[in-house]
Amino acid sequence: GNSGIGPGDMVVSINGEDLERMTEDQFNEQYNRRPIRLVIEKKKVATRFEYLADMNTDAKDGMTLERNMDLLYKVTDCFKGSWAETVGISVGDLLIGVDGDDVHFMSQEEFNQRRSKRPVRFVLEKSQKDDSGKPVKDTVLSL
């Protein structure tokens with residue numbers, strides 16, 4: 001499961017105290033206290049996949065996308081039976097590239113034009129999911 005601490009994970013707070021504001025002595029004091037409550041930020045492993053929508057793929061690819069503050073497109077819906085679902089795209093994935101170009105440099109108009117042309121190659125970062133299929137968030141551990 002995702003409840004343990006793994007390599008690359010980061011302790012964010014101890015007993016409700018933000019780690020960034022602690023001196024080493026304060027850290028040691030909090031760390032040796034029991035019970036202890038740690039908030040851990042799980043290491044996020046970005047997994048990129050390329051998907052080709054060929055000439056037989058409908059212009060409606062089956063994804064609803066929302067542009068986020070990083071100017072990337074987050075998949076907010078994936079329609080049942082659509083091309084996107086068939087190839088394994090899922091809600092929470094980030095569309096980061098079209099035909100080898102980063103989407104955050106594209107205008108909305110250019111993105112829409114390139115998205116609907118065929119063939120087109122999409123590059124997506126898969127959202128990290130836990131064993132139950134829910135997106136990974138920060139983990140809170142109590143010892």
# chains A, B, ... in the order shown; residues from 1 in each chain; ligands from 1

$ closest_atom_pairs --of "stretch 25-81 of chain A" --to "stretch 116-121 of chain A" --cutoff "10 Å" --atoms "only C-alpha atoms" --output "tab-separated table"
residue	atom	partner	partner_atom	distance
A:Glu50	CA	A:Arg121	CA	6.6
A:Tyr51	CA	A:Arg121	CA	5.6
A:Leu52	CA	A:Arg121	CA	4.5
A:Ala53	CA	A:Val120	CA	5.3
A:Asp54	CA	A:Pro119	CA	4.3
A:Met55	CA	A:Arg118	CA	5.2
A:Asn56	CA	A:Arg118	CA	8.2
A:Thr57	CA	A:Arg118	CA	7.4
A:Asp58	CA	A:Ser116	CA	8.6
A:Ala59	CA	A:Ser116	CA	5.1
A:Lys60	CA	A:Ser116	CA	7.3
A:Asp61	CA	A:Ser116	CA	8.0

$ residues_around --residues "stretch 16-27 of chain A" --least-positions-apart "5" --cutoff "9 Å" --atoms "only C-alpha atoms" --output "ChimeraX atom specification"
/A:11,32,37-39

$ residues_around --residues "stretch 74-81 of chain A" --least-positions-apart "2" --cutoff "7 Å" --atoms "only C-alpha atoms" --output "list in words"
Gly62, Met63, Thr64, Leu65, Glu66, Arg67, Asn68, Leu72, Trp83, Ala84, Glu85, Thr86, Ser90, Val91, Gly92, Asp93, Leu94 and Leu95 of chain A

$ write_last_selection --atoms "N, CA and C atoms" --output "PDB file, in the first residue's frame"
ATOM      1  N   GLY A  62     -12.738  11.673 -26.933  1.00  0.00           N
ATOM      2  CA  GLY A  62     -13.322  11.076 -25.734  1.00  0.00           C
ATOM      3  C   GLY A  62     -12.779  11.617 -24.433  1.00  0.00           C
ATOM      4  N   MET A  63     -12.007  12.702 -24.500  1.00  0.00           N
ATOM      5  CA  MET A  63     -11.460  13.313 -23.280  1.00  0.00           C
ATOM      6  C   MET A  63     -12.077  14.681 -23.072  1.00  0.00           C
ATOM      7  N   THR A  64     -12.396  14.992 -21.821  1.00  0.00           N
ATOM      8  CA  THR A  64     -12.705  16.367 -21.453  1.00  0.00           C
ATOM      9  C   THR A  64     -11.456  16.897 -20.765  1.00  0.00           C
ATOM     10  N   LEU A  65     -10.964  18.033 -21.236  1.00  0.00           N
ATOM     11  CA  LEU A  65      -9.717  18.592 -20.724  1.00  0.00           C
ATOM     12  C   LEU A  65      -9.956  19.963 -20.119  1.00  0.00           C
ATOM     13  N   GLU A  66      -9.196  20.252 -19.065  1.00  0.00           N
ATOM     14  CA  GLU A  66      -9.269  21.564 -18.426  1.00  0.00           C
ATOM     15  C   GLU A  66      -7.848  22.093 -18.304  1.00  0.00           C
ATOM     16  N   ARG A  67      -7.617  23.300 -18.794  1.00  0.00           N
ATOM     17  CA  ARG A  67      -6.260  23.879 -18.738  1.00  0.00           C
ATOM     18  C   ARG A  67      -6.002  24.363 -17.318  1.00  0.00           C
ATOM     19  N   ASN A  68      -4.872  23.942 -16.747  1.00  0.00           N
ATOM     20  CA  ASN A  68      -4.567  24.326 -15.367  1.00  0.00           C
ATOM     21  C   ASN A  68      -3.615  25.525 -15.329  1.00  0.00           C
ATOM     22  N   LEU A  72      -1.045  23.277 -18.657  1.00  0.00           N
ATOM     23  CA  LEU A  72      -1.158  21.906 -19.132  1.00  0.00           C
ATOM     24  C   LEU A  72      -2.628  21.541 -19.084  1.00  0.00           C
ATOM     25  N   TRP A  83     -12.070   6.444 -27.725  1.00  0.00           N
ATOM     26  CA  TRP A  83     -10.677   6.169 -28.051  1.00  0.00           C
ATOM     27  C   TRP A  83      -9.810   6.357 -26.815  1.00  0.00           C
ATOM     28  N   ALA A  84     -10.011   7.460 -26.089  1.00  0.00           N
ATOM     29  CA  ALA A  84      -9.174   7.765 -24.921  1.00  0.00           C
ATOM     30  C   ALA A  84      -9.246   6.643 -23.887  1.00  0.00           C
ATOM     31  N   GLU A  85     -10.454   6.166 -23.589  1.00  0.00           N
ATOM     32  CA  GLU A  85     -10.597   5.078 -22.616  1.00  0.00           C
ATOM     33  C   GLU A  85      -9.943   3.798 -23.146  1.00  0.00           C
ATOM     34  N   THR A  86     -10.130   3.521 -24.411  1.00  0.00           N
ATOM     35  CA  THR A  86      -9.599   2.305 -25.025  1.00  0.00           C
ATOM     36  C   THR A  86      -8.080   2.231 -24.930  1.00  0.00           C
ATOM     37  N   SER A  90      -6.825   8.194 -18.473  1.00  0.00           N
ATOM     38  CA  SER A  90      -7.799   8.235 -17.387  1.00  0.00           C
ATOM     39  C   SER A  90      -7.854   9.610 -16.730  1.00  0.00           C
ATOM     40  N   VAL A  91      -8.933   9.834 -15.985  1.00  0.00           N
ATOM     41  CA  VAL A  91      -9.137  11.094 -15.275  1.00  0.00           C
ATOM     42  C   VAL A  91      -7.937  11.347 -14.366  1.00  0.00           C
ATOM     43  N   GLY A  92      -7.445  12.589 -14.386  1.00  0.00           N
ATOM     44  CA  GLY A  92      -6.292  12.959 -13.573  1.00  0.00           C
ATOM     45  C   GLY A  92      -4.990  12.996 -14.360  1.00  0.00           C
ATOM     46  N   ASP A  93      -4.945  12.331 -15.526  1.00  0.00           N
ATOM     47  CA  ASP A  93      -3.747  12.372 -16.353  1.00  0.00           C
ATOM     48  C   ASP A  93      -3.561  13.802 -16.873  1.00  0.00           C
ATOM     49  N   LEU A  94      -2.311  14.162 -17.168  1.00  0.00           N
ATOM     50  CA  LEU A  94      -2.001  15.487 -17.706  1.00  0.00           C
ATOM     51  C   LEU A  94      -1.538  15.350 -19.145  1.00  0.00           C
ATOM     52  N   LEU A  95      -2.211  16.062 -20.055  1.00  0.00           N
ATOM     53  CA  LEU A  95      -1.781  16.112 -21.447  1.00  0.00           C
ATOM     54  C   LEU A  95      -0.729  17.212 -21.523  1.00  0.00           C
TER      55      LEU A  95
END

$ select_by_dssp --residues "stretch 13-113 of chain A" --states "helix (DSSP H, G or I)" --output "PyMOL selection string"
chain A and resi 19-21+24-31+83-87+103-105+108-113

$ select_by_dssp --residues "stretch 7-66 of chain A" --states "strand (DSSP E)" --output "PyMOL selection string"
chain A and resi 10-14+17-18+37-41+47-53+63-66

$ closest_residue --among "A:Ile40, A:Leu124, A:Ile89, A:Met69" --to "A:Ile14" --atoms "only C-alpha atoms"
A:Ile40
